[in-house]
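K.L.:
Here it is, the structure in full.
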Amino acid sequence: MKAEQLKGHLDALILGTLGGGPAHGYAVIEELKQRSAGTFDLAEGTVYPVLHRLEAEGLLASAWTTASGRKRRVYRLTRRGRAALDGSRREWRAFAHAVEAVLA
Amino acid sequence: MSFMSQLRGELARAGIRGRYAARIVAELEDHLATDPNAHVGAPREIAERFASELRIARTRRAMLVTFVALAVCGALFMLVVATHRGSTSPGWTAPVSALAALAAAQIAFVAGMLALVRVLRARTAGDLRVAQRRGFVALAAGAIVAVALAGTGALYALLALPGLALAARASRSALAITPDESADGLRVDLPFPRVTLTLLGAAAAGIVFLQGVVGEKSLQEGLIRGGIEVTGLVLGMLLLGRVLALSGPSRAR
């Protein structure tokens with residue numbers, strides 16, 4: 001699925017991926033792919049800029065760590081990010097419930 | 001040229017430089033070391049995507065810093081007005097400085113408020129550019145206020161300058177990643193822009209007129225001050241109308 005089709009949901013998906021705990025960019029992309037059974041196989045060039053924006057908006061925080069002798073930037077949800085994720089979950093459930101009610 | 005060198009070049013071209021660019025390169029280096037077959041995309045595409053994602057957040061942050069810096073400047077202005085006990089500087093310096101401070105304070109207030117309104121309603125890169133330009137005008141006017149207040153003898157007004165410089169730096173970082181696109185004029189910011197602007201100008205002139213009449217107990221003084229205010233407003237509109245996108249759509253250069 002292309003990033004354009006996910007417009008409006010990508011932020012929530014990335015926040016949701018980090019809801020389980022801190023992760024670096026590669027792990028976020030892999031987690032998205034795995035949890036969606038390959039549906040959300042996003043280009044790296046799409047995910048990293050969004051991670052940076054979410055950090056600039058105060059929803060994520062990040063720090064360098066060292067793994068296998070390499071510097072690695074690890075992202076985690078901030079308090080505001082967790083609140084935004086909760087809000088996105090509520091909105092999505094209400095939306096999905098409404099669509100289901102109409103389509104069923 | 002290696003992929004990473006190209007990426008550095010493209011990031012610089014998109015306005016992302018220094019430590020922040022180095023961080024992006026380091027992250028993608030780590031990513032490619034973990035998965036050498038990753039499809040990261042073309043360097044130019046990556047750089048433009050970073051700039052596109054970051055420009056709203058950077059502009060909003062710059063506006064916040066600008067707002068705080070101007071609030072400090074405004075507080076110092078009020079303090080000088082409240083504690084004014086006549087000039088300590090001889091000659092023409094103090095009256096000219098006071099006039100410059102009054103004019104610049106109004107420009108800073110109007111440009112700052114309009115920048116804030118536009119950034120909250122920004123839909124396009126052109127809107128962000130308008131907000132950034134207004135922010136710069138407000139900061140420049142704020143710096144004139146601080147220097148002019150110092151010219152009246154209140155040297156402590158210069159304390160506003162570091163905050164204004166910090167805000168200018170944040171604004172420059174936002175400007176660097178925002179393309180110069182055209183945007184709509186004042187109608188994005190205000191309902192019935194011409195009428196609203198005229199009413200606001202008339203209100204400002206009216207206040208200055210009344211201040212002269214009541215404060216100096218002289219109709220003539222009120223008329224002189226009101227006249228100066230109207231002249232200042234017209235001049236400000238002529239000089240800054242395009243920069244502040246007051247007089248119509250702003251065009252990309």
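To be explicit about the labels: the chains of the structure tokens are called A, B, and onward in the order shown, and within each one the residues are counted from 1, while ligands get numbers from 1 in the order they are shown.
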Could you pull out all residues of chain A with a DSSP call of alpha helix (DSSP H) and give them as a PyMOL selection string?

P.N.:
chain A and resi 10-18+25-35+44-56+79-103

K.L.:
For chain A against chain B, with a cut-off of 10 Å and counting only C-alpha atoms, what is the closest atom pair and its distance in Å to one decimal for every residue that makes the cut, ordered by chain and number, as a tab-separated table?

P.N.:
```
residue	atom	partner	partner_atom	distance
A:His24	CA	B:Glu27	CA	8.9
A:Gly25	CA	B:His31	CA	7.4
A:Tyr26	CA	B:His31	CA	6.0
A:Ala27	CA	B:His31	CA	9.5
A:Leu42	CA	B:His39	CA	9.2
A:Ala43	CA	B:His39	CA	6.0
A:Glu44	CA	B:Val40	CA	4.9
A:Gly45	CA	B:Val40	CA	4.8
A:Thr46	CA	B:Arg49	CA	7.3
A:Val47	CA	B:Val40	CA	9.6
A:Tyr48	CA	B:Phe50	CA	8.0
A:Pro49	CA	B:Phe50	CA	4.7
A:Val50	CA	B:Glu53	CA	6.5
A:Leu51	CA	B:Glu53	CA	9.4
A:His52	CA	B:Leu54	CA	7.4
A:Arg53	CA	B:Leu54	CA	5.4
A:Leu54	CA	B:Ala57	CA	8.8
A:Glu55	CA	B:Ala57	CA	9.4
A:Ala56	CA	B:Ala57	CA	6.0
A:Glu57	CA	B:Ala57	CA	6.0
A:Gly58	CA	B:Ala57	CA	9.5
A:Trp64	CA	B:Glu27	CA	9.6
A:Ala67	CA	B:Asp30	CA	9.7
A:Arg70	CA	B:Asp30	CA	7.0
A:Lys71	CA	B:Asp30	CA	7.1
A:Arg72	CA	B:Asp30	CA	6.5
A:Arg73	CA	B:Glu27	CA	6.4
A:Val74	CA	B:Glu27	CA	9.7
```

K.L.:
What does the structure give for the distance between atom CA of B:Val213 and atom CA of B:Thr152, in Å to one decimal?

P.N.:
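Spanning atom CA of B:Val213 to atom CA of B:Thr152 is a straight-line distance of 24.0 Å.
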
K.L.:
Can you tell me, as number ranges by chain, what residues are no more than 7 Å from B:Arg133 when counting only C-alpha atoms, ignoring any on the same chain fewer than 4 positions away?

P.N.:
B: 129, 137, 243-244

K.L.:
Write the selection just made, keeping C-alpha atoms, as a PDB file, in the first residue's frame?

P.N.:
```pdb
ATOM      1  CA  ARG B 129       6.134  31.870   3.735  1.00  0.00           C
ATOM      2  CA  VAL B 137       8.996  42.127  10.066  1.00  0.00           C
ATOM      3  CA  VAL B 243       5.872  42.205   2.442  1.00  0.00           C
ATOM      4  CA  LEU B 244       3.061  41.552   4.912  1.00  0.00           C
TER       5      LEU B 244
END
```

K.L.:
Can you work out which one of B:Leu76, B:Leu190, B:Leu139, B:Ala111 has the shortest atom-to-atom distance to B:Leu166, counting only C-alpha atoms?

P.N.:
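For B:Leu166, the nearest of the candidates is B:Leu139.
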
K.L.:
I'd like to know which of B:Ala205, B:Ala174, B:Cys73, B:Met1 is closest to B:Leu161, using only C-alpha atoms.

P.N.:
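Of all the options, B:Cys73 lies closest to B:Leu161.
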
K.L.:
I'd like to know which residues of stretch 10-100 of chain A are strand (DSSP E or B) (by DSSP, run on the backbone); could you write them as a list in words?

P.N.:
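The strand (DSSP E or B) residues within stretch 10-100 of chain A come out as Ala23, His24, Leu60, Ala61, Ser62, Ala63, Trp64, Thr65, Thr66, Ala67, Arg70, Lys71, Arg72, Arg73, Val74, Tyr75, Arg76 and Leu77 of chain A.
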
K.L.:
Can you list, as an MDAnalysis selection string, every protein, DNA or RNA residue that comes within 10 Å of B:Ala131 when you count only C-alpha atoms, leaving out same-chain residues fewer than 5 positions away?

P.N.:
chainID B and resid 59:60 63 111:122 125:126 136:137 171 175 244:245

K.L.:
Return the single residue from B:Val80, B:Leu128, B:Ala62, B:Ile16 that is closest to B:Asp184, with distances computed using only C-alpha atoms.

P.N.:
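Closest to B:Asp184 of all the choices is B:Leu128.
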